[in-house]
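The structure under discussion appears below in the form of C-alpha cells.
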Amino acid sequence: MAAPLAVLFVLPYSDEFAYHYIENDCYNHGAWIYSRVKSNPMPIDIAFIGSSHSIHAFQEKKIEEILGDGNHLVNLGYCRYGRNMEFVILKLLLKYKQPKLVVIEVHEDEEKNSHDIFPYLAETKDLLLPPTIFNRDYFSDLITGASARLENFKAEYLFQSVYPEPQPELHGYAASDRIASDSEITENKLAWQKRLQRKSPDLTEDIQLKYPFAYLEKITAELRKREISFAFVYLPDSGSELNEPKHVNYYNTLAPVLIPPKCIFDDRTNWMDASHFNDKGSEVLSKWMAGEIAKILCLNLANQEQKFDDHE
C-alpha cells in the first residue's frame, strides 16, 4: 500500500481542483478565493486574511470608497481558525498578486490545531514538511491529503473534470442584516467566563503555541521578503470582554496590532450572532479600518467625513 500512497504525493496536485473540491465548505468561499486571486485580472492592493470573523467584518467596497486613490481590497477570510490555512491562502495570493498591505486577524487566543481544510489546499511539500514537529494533527492531515490527491488523480486522468467559469465578483464580504438576540450575547459571555477560568499548565501552553506561532512567523517572513506591509487586527467574540488578545506582546514583536474601539464591540446591534458582525457593525468597523489603513500607507482619505473621530 505504501507505493501507491507515495505516488499520490509525487504526482502534481492541482490548485484548481483543490479549491473547487471544497465547494461544500464555507459556502464555496474557496472557489471564489481561487477565482479572485488567480483568474481575475483586477489587482489586489490590500488583503484581509483570517477566519469567518474577517469575512463578516470588512466591507471592501466601503473601505475602497473611503480610501479612494484606486486601491483594490479583497476579503480572503475563510471559515474557522487555523494559521496553516492562512499560510496556504497567503501563498496563493503572493503567487499571483503583489499587495501593498496584508491585514491578518487575531482573536482572543491562538488555535492550536491544524485547520481541517488545510490538507485539501496545501502544496504537498507544505503538507509533508510542516514548520514545526508540534503538530498533533500531522498524521490525520496526511491521510486526508492522500484522499484528496486520489480524488485529484481521478478528476484529472479518469473523469477529466471541467470546472466552473471564474466568478466575476471582486469582493468577499458576507453580508447579513440580522441582529443577535440578548440571549445569544449572554450565552457567549457566560461561555467565555468559564473558558477563561480554565488554565492549562504553562509548559503545555508553551508547547501547543509553537504550532500556530511557527506559521505566523512563516507568514510574516514571506511578507517581509517581498517588502509588503502587514499588520494584525483584533476581532474577538462579543462576550469575551478581553480588551486585547492574550498574546498581544508576541504579536507586537512581529507587527503592529490594531485594536478597534471598544464601543464597536459593546453595541449588541452591531452583531449578527455572538461571534460575527452584521452589516451595521461591519460598516462601522470598516470606516475605522479605512482610517488605520490610511495611516499605515500614508494615504489621504478621499471621503474626509468618514473619519472615525467620534469613536477614538
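Letters A, B, ... mark the chains of the C-alpha cells in the order given; residue numbers begin at 1 per chain; ligand numbers begin at 1, in order shown.
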Using only C-alpha atoms, find each residue of segment 183-294 of chain A with at least one atom at most 9 Å away from an atom of segment 113-122 of chain A; report its shortest atom-to-atom pair and that distance in Å (one decimal), sort the rows by chain and rising residue number, and return the result as a tab-separated table.
residue	atom	partner	partner_atom	distance
A:Gln208	CA	A:Asn113	CA	8.5
A:Tyr211	CA	A:Asn113	CA	7.8
A:Pro212	CA	A:Asn113	CA	7.9
Rows by chain and residue number, segment 27-109 of chain A within 10 Å of segment 152-170 of chain A, shortest pair, only C-alpha atoms, as a tab-separated table:
residue	atom	partner	partner_atom	distance
A:Ala31	CA	A:Gln167	CA	8.2
A:Trp32	CA	A:Gln167	CA	6.3
A:Ile33	CA	A:Gln167	CA	9.2
A:Tyr34	CA	A:Pro166	CA	8.5
A:Ser35	CA	A:Pro166	CA	5.2
A:Arg36	CA	A:Leu170	CA	6.5
A:Val37	CA	A:Leu170	CA	9.6
A:Lys38	CA	A:Pro166	CA	9.2
A:Ser39	CA	A:Pro166	CA	6.5
A:Asn40	CA	A:Pro168	CA	7.2
A:Met42	CA	A:Leu170	CA	8.0
A:Pro43	CA	A:Leu170	CA	9.9
A:Ile44	CA	A:Leu170	CA	9.6
A:Glu60	CA	A:Leu170	CA	9.0
A:Lys61	CA	A:Leu170	CA	9.3
A:His72	CA	A:Leu170	CA	8.9
A:Leu73	CA	A:Leu170	CA	8.5
A:Val74	CA	A:Leu170	CA	7.2
A:Asn75	CA	A:Leu170	CA	9.2
Output file for the residues above (N, CA and C atoms, as a CSV table (one decimal), in the first residue's frame):
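File produced: selection.csv:
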chain,number,residue,atom,x,y,z
A,31,ALA,N,-13.6,28.4,-3.8
A,31,ALA,CA,-13.6,28.6,-5.2
A,31,ALA,C,-13.6,30.1,-5.6
A,32,TRP,N,-14.3,30.9,-4.8
A,32,TRP,CA,-14.2,32.3,-5.1
A,32,TRP,C,-12.8,32.9,-4.8
A,33,ILE,N,-12.2,32.5,-3.7
A,33,ILE,CA,-10.8,33.0,-3.4
A,33,ILE,C,-9.9,32.6,-4.6
A,34,TYR,N,-10.0,31.4,-5.1
A,34,TYR,CA,-9.1,31.0,-6.2
A,34,TYR,C,-9.4,31.8,-7.4
A,35,SER,N,-10.7,32.0,-7.7
A,35,SER,CA,-11.0,32.8,-8.9
A,35,SER,C,-10.6,34.2,-8.8
A,36,ARG,N,-10.8,34.8,-7.6
A,36,ARG,CA,-10.4,36.3,-7.4
A,36,ARG,C,-8.9,36.5,-7.5
A,37,VAL,N,-8.2,35.5,-6.9
A,37,VAL,CA,-6.7,35.7,-6.9
A,37,VAL,C,-6.0,35.3,-8.2
A,38,LYS,N,-6.4,34.2,-8.7
A,38,LYS,CA,-5.7,33.7,-9.9
A,38,LYS,C,-6.3,34.2,-11.2
A,39,SER,N,-7.6,34.1,-11.4
A,39,SER,CA,-8.2,34.3,-12.7
A,39,SER,C,-8.6,35.7,-13.0
A,40,ASN,N,-8.9,36.5,-11.9
A,40,ASN,CA,-9.4,37.8,-12.1
A,40,ASN,C,-8.2,38.8,-12.3
A,42,MET,N,-8.1,41.9,-12.0
A,42,MET,CA,-8.1,43.1,-11.2
A,42,MET,C,-7.0,42.9,-10.1
A,43,PRO,N,-6.2,44.0,-9.9
A,43,PRO,CA,-5.1,43.8,-8.8
A,43,PRO,C,-5.7,43.7,-7.4
A,44,ILE,N,-4.9,43.3,-6.5
A,44,ILE,CA,-5.2,43.3,-5.1
A,44,ILE,C,-4.2,44.1,-4.4
A,60,GLU,N,-15.2,45.5,1.7
A,60,GLU,CA,-14.2,46.1,0.8
A,60,GLU,C,-14.7,47.3,0.1
A,61,LYS,N,-15.9,47.3,-0.4
A,61,LYS,CA,-16.4,48.4,-1.2
A,61,LYS,C,-16.5,49.7,-0.4
A,72,HIS,N,-7.6,48.6,-4.5
A,72,HIS,CA,-8.5,47.4,-4.6
A,72,HIS,C,-8.3,46.5,-3.4
A,73,LEU,N,-9.4,46.3,-2.7
A,73,LEU,CA,-9.3,45.5,-1.5
A,73,LEU,C,-10.0,44.1,-1.7
A,74,VAL,N,-9.5,43.1,-1.0
A,74,VAL,CA,-10.1,41.8,-1.1
A,74,VAL,C,-10.2,41.2,0.3
A,75,ASN,N,-11.3,40.6,0.6
A,75,ASN,CA,-11.5,39.9,1.9
A,75,ASN,C,-11.3,38.4,1.7
Polymer residues at most 8 Å from Tyr173 of chain A, only C-alpha atoms, same-chain spacing of 6 or more positions, as a list in words: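 After dropping sequence-adjacent residues, the list is Ile55, His56, Ala57, Phe58, Gln59, Glu60 and Asn75 of chain A.
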8 Å contact set for Leu142 of chain A, only C-alpha atoms, chain neighbours under 3 positions out, as a list of chain:residue names: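 The filter keeps A:Pro119, A:Leu127, A:Leu128, A:Tyr138, A:Phe139, A:Gly145, A:Ala146.
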Go ahead and write the residues just picked, C-alpha atoms, as a compact mmCIF listing (two decimals), in the first residue's frame.
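New file part.txt:
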# COMPACT_ATOMS: atom_id res chain seq x y z
CA PRO A 119 -4.69 19.17 3.77
CA LEU A 127 1.74 19.04 3.92
CA LEU A 128 4.72 16.71 4.35
CA TYR A 138 0.06 15.66 11.29
CA PHE A 139 -0.93 12.06 10.53
CA GLY A 145 -4.28 14.87 1.98
CA ALA A 146 -3.78 11.45 0.39
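All residues of segment 93-173 of chain A that DSSP, run on the backbone, classes as strand (DSSP E) are Leu101, Val102, Val103, Ile104, Glu105 and Val106 of chain A.
When only C-alpha atoms are used to measure the gap to Asp15 of chain A, the shortest distance among A:Met289, A:Leu209, A:Leu92, A:Arg83 belongs to A:Leu92.
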Residue contacts of Ser229 of chain A (7 Å, only C-alpha atoms) excluding same-chain residues fewer than 3 positions away, as a count of residues only: 3
For segment 190-194 of chain A: contacts at 9 Å, only C-alpha atoms, fewer than 6 positions along chain excluded, given as a PyMOL selection string: chain A and resi 237+239-241
Take the residues from that selection and put them in a file with N, CA and C atoms, as a short mmCIF file (atom, residue, chain, number, x, y, z; two decimals), in the first residue's frame.
data_model
loop_
_atom_site.label_atom_id
_atom_site.label_comp_id
_atom_site.auth_asym_id
_atom_site.auth_seq_id
_atom_site.Cartn_x
_atom_site.Cartn_y
_atom_site.Cartn_z
N ASP A 237 -14.79 37.68 19.98
CA ASP A 237 -16.21 37.40 20.12
C ASP A 237 -16.86 38.55 20.90
N GLY A 239 -18.63 38.23 23.63
CA GLY A 239 -18.73 38.04 25.06
C GLY A 239 -17.44 37.84 25.82
N SER A 240 -16.30 37.86 25.15
CA SER A 240 -15.04 37.58 25.86
C SER A 240 -14.64 38.72 26.78
N GLU A 241 -14.99 39.94 26.38
CA GLU A 241 -14.66 41.14 27.16
C GLU A 241 -13.15 41.29 27.39
#
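When atom CA of Leu223 of chain A is paired with atom CA of Gln98 of chain A, their separation reads 10.1 Å.
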Counting only C-alpha atoms, which residues of segment 109-211 of chain A fall within 8 Å of segment 255-272 of chain A, and what is the closest atom pair for each with its distance in Å at one decimal, ordered by chain and rising number, as a tab-separated table?
residue	atom	partner	partner_atom	distance
A:Ser176	CA	A:Met272	CA	6.8
A:Asp177	CA	A:Met272	CA	7.0
A:Arg178	CA	A:Met272	CA	5.0
A:Ile179	CA	A:Met272	CA	4.7
A:Ala180	CA	A:Met272	CA	5.0
A:Asp182	CA	A:Arg268	CA	7.7
A:Ile185	CA	A:Arg268	CA	7.6
Test item, helix (DSSP H, G or I) assignment across segment 118-292 of chain A, answer as a ChimeraX atom specification: /A:118-121,124-128,138-158,182-197,202-225,248-254,262-266,268-270,279-292
Write a file of the just-selected residues containing C-alpha atoms, as an mmCIF file, in the first residue's frame.
data_model
loop_
_atom_site.group_PDB
_atom_site.id
_atom_site.type_symbol
_atom_site.label_atom_id
_atom_site.label_comp_id
_atom_site.auth_asym_id
_atom_site.auth_seq_id
_atom_site.Cartn_x
_atom_site.Cartn_y
_atom_site.Cartn_z
ATOM 1 C CA PHE A 118 -5.537 22.643 5.170
ATOM 2 C CA PRO A 119 -4.690 19.168 3.772
ATOM 3 C CA TYR A 120 -7.030 19.742 0.811
ATOM 4 C CA LEU A 121 -5.368 23.011 -0.232
ATOM 5 C CA THR A 124 2.463 18.661 -0.992
ATOM 6 C CA LYS A 125 5.759 19.929 0.420
ATOM 7 C CA ASP A 126 3.897 22.025 2.997
ATOM 8 C CA LEU A 127 1.742 19.044 3.923
ATOM 9 C CA LEU A 128 4.719 16.709 4.354
ATOM 10 C CA TYR A 138 0.057 15.658 11.292
ATOM 11 C CA PHE A 139 -0.927 12.058 10.526
ATOM 12 C CA SER A 140 -4.623 12.791 10.114
ATOM 13 C CA ASP A 141 -3.658 15.609 7.725
ATOM 14 C CA LEU A 142 -1.560 13.143 5.719
ATOM 15 C CA ILE A 143 -4.480 10.729 5.441
ATOM 16 C CA THR A 144 -6.864 13.483 4.375
ATOM 17 C CA GLY A 145 -4.277 14.865 1.978
ATOM 18 C CA ALA A 146 -3.775 11.450 0.390
ATOM 19 C CA SER A 147 -7.532 11.059 -0.040
ATOM 20 C CA ALA A 148 -7.759 14.482 -1.716
ATOM 21 C CA ARG A 149 -4.895 13.623 -4.050
ATOM 22 C CA LEU A 150 -6.585 10.371 -5.015
ATOM 23 C CA GLU A 151 -9.690 12.359 -5.940
ATOM 24 C CA ASN A 152 -7.494 14.777 -7.881
ATOM 25 C CA PHE A 153 -5.977 11.852 -9.801
ATOM 26 C CA LYS A 154 -9.443 10.574 -10.722
ATOM 27 C CA ALA A 155 -10.633 14.057 -11.700
ATOM 28 C CA GLU A 156 -7.585 14.754 -13.869
ATOM 29 C CA TYR A 157 -6.920 11.402 -15.515
ATOM 30 C CA LEU A 158 -10.148 9.393 -15.392
ATOM 31 C CA ASP A 182 -29.776 39.227 24.042
ATOM 32 C CA SER A 183 -29.682 35.522 24.880
ATOM 33 C CA GLU A 184 -27.006 34.816 22.264
ATOM 34 C CA ILE A 185 -24.777 37.559 23.636
ATOM 35 C CA THR A 186 -25.370 36.447 27.237
ATOM 36 C CA GLU A 187 -24.659 32.778 26.494
ATOM 37 C CA ASN A 188 -21.417 33.712 24.737
ATOM 38 C CA LYS A 189 -20.373 35.849 27.685
ATOM 39 C CA LEU A 190 -21.028 33.010 30.150
ATOM 40 C CA ALA A 191 -19.151 30.542 27.945
ATOM 41 C CA TRP A 192 -16.165 32.859 27.852
ATOM 42 C CA GLN A 193 -16.221 33.298 31.629
ATOM 43 C CA LYS A 194 -15.956 29.516 32.031
ATOM 44 C CA ARG A 195 -13.287 29.258 29.343
ATOM 45 C CA LEU A 196 -11.133 31.972 30.893
ATOM 46 C CA GLN A 197 -11.291 30.256 34.276
ATOM 47 C CA ASP A 202 2.419 26.860 31.373
ATOM 48 C CA LEU A 203 4.583 24.140 29.819
ATOM 49 C CA THR A 204 1.615 22.608 27.970
ATOM 50 C CA GLU A 205 0.532 26.033 26.748
ATOM 51 C CA ASP A 206 4.043 26.894 25.551
ATOM 52 C CA ILE A 207 4.347 23.627 23.605
ATOM 53 C CA GLN A 208 0.925 23.982 21.989
ATOM 54 C CA LEU A 209 1.638 27.565 20.930
ATOM 55 C CA LYS A 210 4.737 26.537 18.982
ATOM 56 C CA TYR A 211 2.468 25.290 16.171
ATOM 57 C CA PRO A 212 0.455 28.449 15.387
ATOM 58 C CA PHE A 213 3.406 30.709 16.128
ATOM 59 C CA ALA A 214 5.577 28.789 13.651
ATOM 60 C CA TYR A 215 3.043 29.543 10.922
ATOM 61 C CA LEU A 216 2.716 33.179 11.931
ATOM 62 C CA GLU A 217 6.478 33.503 11.617
ATOM 63 C CA LYS A 218 6.395 31.872 8.158
ATOM 64 C CA ILE A 219 3.587 34.211 7.098
ATOM 65 C CA THR A 220 5.373 37.342 8.272
ATOM 66 C CA ALA A 221 8.708 36.148 6.837
ATOM 67 C CA GLU A 222 7.102 35.748 3.394
ATOM 68 C CA LEU A 223 5.684 39.267 3.588
ATOM 69 C CA ARG A 224 8.973 40.788 4.716
ATOM 70 C CA LYS A 225 10.827 39.006 1.921
ATOM 71 C CA VAL A 248 -0.572 40.698 22.205
ATOM 72 C CA ASN A 249 3.043 41.036 23.346
ATOM 73 C CA TYR A 250 4.113 38.257 20.980
ATOM 74 C CA TYR A 251 2.180 39.741 18.053
ATOM 75 C CA ASN A 252 3.797 43.124 18.677
ATOM 76 C CA THR A 253 7.216 41.561 18.088
ATOM 77 C CA LEU A 254 6.078 40.743 14.536
ATOM 78 C CA LYS A 262 -14.389 49.001 22.409
ATOM 79 C CA CYS A 263 -17.673 50.771 21.717
ATOM 80 C CA ILE A 264 -17.991 48.850 18.436
ATOM 81 C CA PHE A 265 -17.890 45.532 20.283
ATOM 82 C CA ASP A 266 -20.143 46.712 23.112
ATOM 83 C CA ARG A 268 -25.290 44.499 20.576
ATOM 84 C CA THR A 269 -26.942 45.815 17.427
ATOM 85 C CA ASN A 270 -23.571 45.522 15.646
ATOM 86 C CA ASP A 279 -23.912 44.929 8.116
ATOM 87 C CA LYS A 280 -24.271 47.732 10.654
ATOM 88 C CA GLY A 281 -21.332 46.612 12.754
ATOM 89 C CA SER A 282 -19.103 45.839 9.793
ATOM 90 C CA GLU A 283 -19.808 49.244 8.268
ATOM 91 C CA VAL A 284 -18.706 50.986 11.468
ATOM 92 C CA LEU A 285 -15.649 48.755 11.728
ATOM 93 C CA SER A 286 -14.801 49.250 8.048
ATOM 94 C CA LYS A 287 -14.850 53.044 8.471
ATOM 95 C CA TRP A 288 -12.443 52.729 11.373
ATOM 96 C CA MET A 289 -10.292 50.258 9.410
ATOM 97 C CA ALA A 290 -10.061 52.656 6.472
ATOM 98 C CA GLY A 291 -8.501 55.237 8.763
ATOM 99 C CA GLU A 292 -5.951 52.727 10.066
#
Shell of 9 Å around Asp69 of chain A, only C-alpha atoms, local chain residues under 4 positions omitted, as a ChimeraX atom specification: /A:64-65,299-302
